[in-house]
Amino acid sequence: MASPNTNHKRNFLLTIPRSGSNLLVRILNLTEQPDILRGNSGGGYYFFDAHAKIYGELRLTNDVRTWSTRERELVREALQSGTEAMIQHIDSAEQQGKSVYIKEHMPLITDPVVVSRAFFGEDGDHGSRYTAQACGKAYKGGDVTPLNVTLFSDSFLKTIRPTFLIRHPLVMFPSYYRAHRDLGGDRQTHKECSLKWSRSLYDWFVQNRNQDDSTFPTILDADDFIAQPEFLIEYSQLVGLDASKLLFEWNKKTTEELEAINFKIRRMTDTLNASSGIIKGKVSLGLNIEEEVQKWKEEFGEEKAARLEKDVRAATEDYEYLKARRFRSQKSA
């Protein structure tokens, strides 16, 4: 899929927490890509502040039925603000003749009403979908269809080139749990790391695929580029990036640099910041869920291990579905 009426590329990297997205963005070296308008260092996260407001400041639950009228208004305003910031970046890029490569975690852009209905059923007043209203030049608003679980209209999604990043739940879920345990939280891995939303949206893109640009939607599995980094040279060419700018080695962050990073972000990127290149052992090859559960019991205790096992098993079907459709190296085909 590509932006109509323009050669500008609206690349979107749609990820899950702990899926290796920070590593991928580091390798792609987006800030040095000549045809990409430089954004923030994370490459996206336009909805991080909205998410923090909804579930942090307002302390709302996933059950939209419990939200007051005023709380629903505040949520809508926060999500619209994120959309406007994202669209402003796209508009600025296209005015300068450049493309964008925007990273967003699927939980941050999935409509809260969709999540609420999925977890709590259709009974009760979940309210209408939280679909962003028209703003800027790049976003004209519009309606959504069921497989489109996002905040964005169908018409806008038809203008972007999506890449879905996936990772085996056996690696992703416990990593996410450790990170939030260290930050003093107890987040719900089944919501934050679920591949349910990625699968639904992937199917939407397949159904609405532009036959003139059938390369998209594209799926990357973190195992592939961790085990074989050169694989990303082919991918970068696919999405219009300069392969000569890719980074496979870098300098470790200094103590001074680490101290300047927000402590939550520092924890979520600690492995990457302490590295000088790709750590090839961080893959799912050879992992066995029964053996991993025993390790989780020792690390997290019986109750948390049981919850992790349940979440991992529930997510594995969606992972295998997406993995079977992933982008593969043409050189090894």
# chains A, B, ... in the order shown; residues from 1 in each chain; ligands from 1
$ residues_around --residues "Phe225 (chain A)" --least-positions-apart "5" --cutoff "10 Å" --atoms "only C-alpha atoms" --output "list in words"
Gly20, Leu23, Leu24, Ile27, Leu220, Glu230, Phe231, Leu232, Ile233, Tyr235, Ile278, Lys280 and Val283 of chain A
$ residues_around --residues "region 64-79 of chain A" --least-positions-apart "2" --cutoff "9 Å" --atoms "only C-alpha atoms" --output "VMD selection string"
chain A and resid 47 49 to 51 53 to 54 58 60 to 62 81 to 84 109 112 to 113 115 to 117 124 to 127 130 to 132 151
$ closest_residue --among "A:Asp123, A:Asp242, A:Glu94, A:Asp203" --to "Leu28 (chain A)" --atoms "only C-alpha atoms"
A:Asp242
$ closest_residue --among "A:His105, A:Arg313, A:His168, A:Arg328" --to "Ser198 (chain A)" --atoms "only C-alpha atoms"
A:His105
$ atom_distance --atom1 "CA of Phe12 (chain A)" --atom2 "CA of Asp318 (chain A)"
20.3 Å
$ select_by_dssp --residues "region 19-82 of chain A" --states "helix (DSSP H, G or I)" --output "PyMOL selection string"
chain A and resi 21-28+30-32+48-57+64-66+69-82
$ write_last_selection --atoms "N, CA and C atoms" --output "compact mmCIF listing (two decimals), in the first residue's frame"
# COMPACT_ATOMS: atom_id res chain seq x y z
N SER A 21 11.80 -3.96 18.69
CA SER A 21 11.58 -2.79 17.84
C SER A 21 12.67 -1.73 18.03
N ASN A 22 13.16 -1.55 19.25
CA ASN A 22 14.23 -0.57 19.47
C ASN A 22 15.51 -1.00 18.76
N LEU A 23 15.78 -2.29 18.78
CA LEU A 23 16.93 -2.82 18.05
C LEU A 23 16.78 -2.59 16.56
N LEU A 24 15.60 -2.88 16.03
CA LEU A 24 15.36 -2.70 14.60
C LEU A 24 15.54 -1.25 14.19
N VAL A 25 14.98 -0.33 14.97
CA VAL A 25 15.11 1.10 14.65
C VAL A 25 16.58 1.53 14.71
N ARG A 26 17.34 0.98 15.68
CA ARG A 26 18.76 1.31 15.77
C ARG A 26 19.49 0.84 14.51
N ILE A 27 19.20 -0.37 14.07
CA ILE A 27 19.87 -0.90 12.87
C ILE A 27 19.50 -0.11 11.63
N LEU A 28 18.22 0.21 11.48
CA LEU A 28 17.78 0.96 10.30
C LEU A 28 18.34 2.37 10.27
N LEU A 30 17.36 5.36 11.31
CA LEU A 30 16.39 6.25 10.67
C LEU A 30 16.82 7.71 10.69
N THR A 31 17.52 8.13 11.72
CA THR A 31 17.91 9.55 11.81
C THR A 31 18.92 9.94 10.74
N GLU A 32 19.56 8.94 10.12
CA GLU A 32 20.55 9.24 9.08
C GLU A 32 20.06 8.83 7.69
N PHE A 48 2.07 7.64 23.08
CA PHE A 48 2.57 7.27 24.40
C PHE A 48 1.98 8.17 25.48
N ASP A 49 1.95 9.47 25.22
CA ASP A 49 1.41 10.41 26.22
C ASP A 49 -0.08 10.17 26.46
N ALA A 50 -0.82 9.86 25.39
CA ALA A 50 -2.25 9.58 25.54
C ALA A 50 -2.45 8.33 26.40
N HIS A 51 -1.65 7.32 26.15
CA HIS A 51 -1.74 6.08 26.90
C HIS A 51 -1.42 6.32 28.38
N ALA A 52 -0.39 7.15 28.62
CA ALA A 52 -0.02 7.47 30.00
C ALA A 52 -1.14 8.23 30.71
N LYS A 53 -1.81 9.11 29.99
CA LYS A 53 -2.91 9.87 30.59
C LYS A 53 -4.08 8.96 30.92
N ILE A 54 -4.44 8.09 29.97
CA ILE A 54 -5.62 7.24 30.15
C ILE A 54 -5.44 6.25 31.30
N TYR A 55 -4.30 5.52 31.27
CA TYR A 55 -4.13 4.44 32.24
C TYR A 55 -3.24 4.82 33.42
N GLY A 56 -2.59 6.00 33.32
CA GLY A 56 -1.77 6.47 34.42
C GLY A 56 -2.44 7.58 35.19
N GLU A 57 -2.52 8.76 34.58
CA GLU A 57 -3.10 9.92 35.26
C GLU A 57 -4.56 9.71 35.63
N VAL A 64 -14.28 -0.02 29.28
CA VAL A 64 -14.80 1.30 28.91
C VAL A 64 -16.16 1.55 29.54
N ARG A 65 -16.90 0.50 29.86
CA ARG A 65 -18.24 0.65 30.44
C ARG A 65 -18.19 1.38 31.78
N THR A 66 -17.03 1.38 32.44
CA THR A 66 -16.91 2.02 33.75
C THR A 66 -16.50 3.49 33.64
N THR A 69 -18.86 9.99 31.38
CA THR A 69 -18.95 10.78 30.15
C THR A 69 -17.75 11.70 30.01
N ARG A 70 -17.35 12.35 31.09
CA ARG A 70 -16.20 13.26 31.05
C ARG A 70 -14.91 12.51 30.77
N GLU A 71 -14.76 11.35 31.36
CA GLU A 71 -13.55 10.55 31.12
C GLU A 71 -13.47 10.12 29.66
N ARG A 72 -14.60 9.77 29.08
CA ARG A 72 -14.60 9.39 27.66
C ARG A 72 -14.21 10.57 26.79
N GLU A 73 -14.64 11.76 27.16
CA GLU A 73 -14.26 12.97 26.42
C GLU A 73 -12.76 13.21 26.51
N LEU A 74 -12.21 13.03 27.71
CA LEU A 74 -10.77 13.24 27.91
C LEU A 74 -9.95 12.22 27.13
N VAL A 75 -10.43 10.99 27.07
CA VAL A 75 -9.75 9.96 26.30
C VAL A 75 -9.76 10.32 24.82
N ARG A 76 -10.90 10.73 24.33
CA ARG A 76 -11.02 11.10 22.92
C ARG A 76 -10.08 12.26 22.58
N GLU A 77 -10.01 13.24 23.48
CA GLU A 77 -9.12 14.39 23.26
C GLU A 77 -7.65 13.96 23.24
N ALA A 78 -7.28 13.07 24.15
CA ALA A 78 -5.89 12.62 24.22
C ALA A 78 -5.49 11.84 22.97
N LEU A 79 -6.37 10.97 22.50
CA LEU A 79 -6.09 10.18 21.30
C LEU A 79 -6.06 11.07 20.06
N GLN A 80 -6.94 12.06 20.00
CA GLN A 80 -6.94 12.99 18.87
C GLN A 80 -5.64 13.81 18.85
N SER A 81 -5.17 14.19 20.02
CA SER A 81 -3.92 14.96 20.11
C SER A 81 -2.75 14.16 19.57
N GLY A 82 -2.71 12.86 19.89
CA GLY A 82 -1.66 12.00 19.36
C GLY A 82 -1.73 11.90 17.85
$ decode --residues "region 201-241 of chain A" --atoms "N, CA and C atoms" --output "CSV table (one decimal), in the first residue's frame"
chain,number,residue,atom,x,y,z
A,201,LEU,N,-5.5,-6.6,12.2
A,201,LEU,CA,-5.1,-5.5,11.3
A,201,LEU,C,-4.4,-6.0,10.0
A,202,TYR,N,-3.6,-7.0,10.2
A,202,TYR,CA,-2.9,-7.6,9.1
A,202,TYR,C,-3.9,-8.2,8.1
A,203,ASP,N,-4.9,-8.9,8.6
A,203,ASP,CA,-6.0,-9.4,7.7
A,203,ASP,C,-6.8,-8.3,7.0
A,204,TRP,N,-6.9,-7.1,7.7
A,204,TRP,CA,-7.6,-6.0,7.1
A,204,TRP,C,-6.8,-5.5,5.9
A,205,PHE,N,-5.5,-5.4,6.1
A,205,PHE,CA,-4.6,-4.9,5.0
A,205,PHE,C,-4.6,-5.9,3.8
A,206,VAL,N,-4.6,-7.2,4.1
A,206,VAL,CA,-4.7,-8.2,3.0
A,206,VAL,C,-5.9,-8.0,2.2
A,207,GLN,N,-7.1,-7.9,2.9
A,207,GLN,CA,-8.3,-7.7,2.2
A,207,GLN,C,-8.4,-6.4,1.4
A,208,ASN,N,-7.6,-5.4,1.8
A,208,ASN,CA,-7.7,-4.1,1.2
A,208,ASN,C,-6.4,-3.8,0.4
A,209,ARG,N,-5.7,-4.8,0.1
A,209,ARG,CA,-4.3,-4.7,-0.6
A,209,ARG,C,-4.4,-4.0,-1.9
A,210,ASN,N,-3.5,-3.1,-2.1
A,210,ASN,CA,-3.4,-2.4,-3.4
A,210,ASN,C,-2.6,-3.3,-4.4
A,211,GLN,N,-3.3,-3.8,-5.4
A,211,GLN,CA,-2.7,-4.8,-6.3
A,211,GLN,C,-1.5,-4.2,-7.1
A,212,ASP,N,-1.4,-2.9,-7.1
A,212,ASP,CA,-0.2,-2.3,-7.8
A,212,ASP,C,1.0,-2.3,-6.8
A,213,ASP,N,0.8,-2.6,-5.6
A,213,ASP,CA,1.9,-2.6,-4.6
A,213,ASP,C,1.6,-3.7,-3.6
A,214,SER,N,1.6,-4.9,-4.1
A,214,SER,CA,1.2,-6.1,-3.3
A,214,SER,C,2.3,-6.6,-2.3
A,215,THR,N,3.4,-5.8,-2.3
A,215,THR,CA,4.4,-6.2,-1.3
A,215,THR,C,3.9,-6.0,0.1
A,216,PHE,N,3.0,-5.1,0.3
A,216,PHE,CA,2.5,-4.8,1.7
A,216,PHE,C,1.1,-5.4,1.8
A,217,PRO,N,0.8,-5.8,3.1
A,217,PRO,CA,1.5,-5.7,4.3
A,217,PRO,C,2.7,-6.6,4.4
A,218,THR,N,3.7,-6.2,5.1
A,218,THR,CA,4.9,-7.0,5.3
A,218,THR,C,5.0,-7.4,6.8
A,219,ILE,N,5.6,-8.6,7.1
A,219,ILE,CA,5.8,-9.0,8.5
A,219,ILE,C,7.3,-9.3,8.6
A,220,LEU,N,7.8,-8.8,9.7
A,220,LEU,CA,9.2,-9.2,10.1
A,220,LEU,C,9.2,-9.9,11.4
A,221,ASP,N,9.9,-11.0,11.5
A,221,ASP,CA,10.1,-11.7,12.8
A,221,ASP,C,11.5,-11.4,13.3
A,222,ALA,N,11.5,-10.9,14.6
A,222,ALA,CA,12.8,-10.5,15.2
A,222,ALA,C,13.8,-11.6,15.1
A,223,ASP,N,13.4,-12.9,15.3
A,223,ASP,CA,14.3,-14.0,15.2
A,223,ASP,C,15.1,-13.9,13.9
A,224,ASP,N,14.5,-13.6,12.8
A,224,ASP,CA,15.2,-13.6,11.5
A,224,ASP,C,16.3,-12.6,11.5
A,225,PHE,N,16.1,-11.3,11.9
A,225,PHE,CA,17.1,-10.3,11.7
A,225,PHE,C,18.1,-10.4,12.9
A,226,ILE,N,17.8,-11.0,14.0
A,226,ILE,CA,18.8,-11.2,15.1
A,226,ILE,C,19.7,-12.3,14.7
A,227,ALA,N,19.2,-13.4,14.1
A,227,ALA,CA,20.1,-14.5,13.7
A,227,ALA,C,20.9,-14.2,12.4
A,228,GLN,N,20.3,-13.4,11.5
A,228,GLN,CA,20.9,-13.0,10.2
A,228,GLN,C,20.7,-11.6,9.9
A,229,PRO,N,21.5,-10.7,10.5
A,229,PRO,CA,21.2,-9.2,10.3
A,229,PRO,C,21.3,-8.8,8.9
A,230,GLU,N,22.0,-9.4,8.0
A,230,GLU,CA,22.1,-9.0,6.6
A,230,GLU,C,20.7,-9.0,5.9
A,231,PHE,N,19.8,-9.8,6.5
A,231,PHE,CA,18.5,-9.9,6.0
A,231,PHE,C,17.8,-8.5,5.9
A,232,LEU,N,18.2,-7.6,6.8
A,232,LEU,CA,17.6,-6.3,6.8
A,232,LEU,C,18.1,-5.4,5.6
A,233,ILE,N,19.1,-5.8,4.9
A,233,ILE,CA,19.5,-5.1,3.7
A,233,ILE,C,18.4,-5.2,2.7
A,234,GLU,N,17.9,-6.4,2.5
A,234,GLU,CA,16.8,-6.6,1.6
A,234,GLU,C,15.5,-5.9,2.0
A,235,TYR,N,15.2,-5.9,3.3
A,235,TYR,CA,14.1,-5.2,3.8
A,235,TYR,C,14.2,-3.7,3.6
A,236,SER,N,15.3,-3.2,3.9
A,236,SER,CA,15.5,-1.7,3.8
A,236,SER,C,15.2,-1.3,2.3
A,237,GLN,N,15.7,-2.1,1.4
A,237,GLN,CA,15.4,-1.7,0.0
A,237,GLN,C,13.9,-1.8,-0.3
A,238,LEU,N,13.3,-2.8,0.3
A,238,LEU,CA,11.8,-3.0,0.1
A,238,LEU,C,11.0,-1.7,0.5
A,239,VAL,N,11.4,-1.1,1.6
A,239,VAL,CA,10.7,0.0,2.1
A,239,VAL,C,11.3,1.4,1.7
A,240,GLY,N,12.3,1.4,0.9
A,240,GLY,CA,12.8,2.6,0.3
A,240,GLY,C,13.9,3.3,1.2
A,241,LEU,N,14.6,2.5,2.1
A,241,LEU,CA,15.6,3.0,2.9
A,241,LEU,C,17.0,2.8,2.2
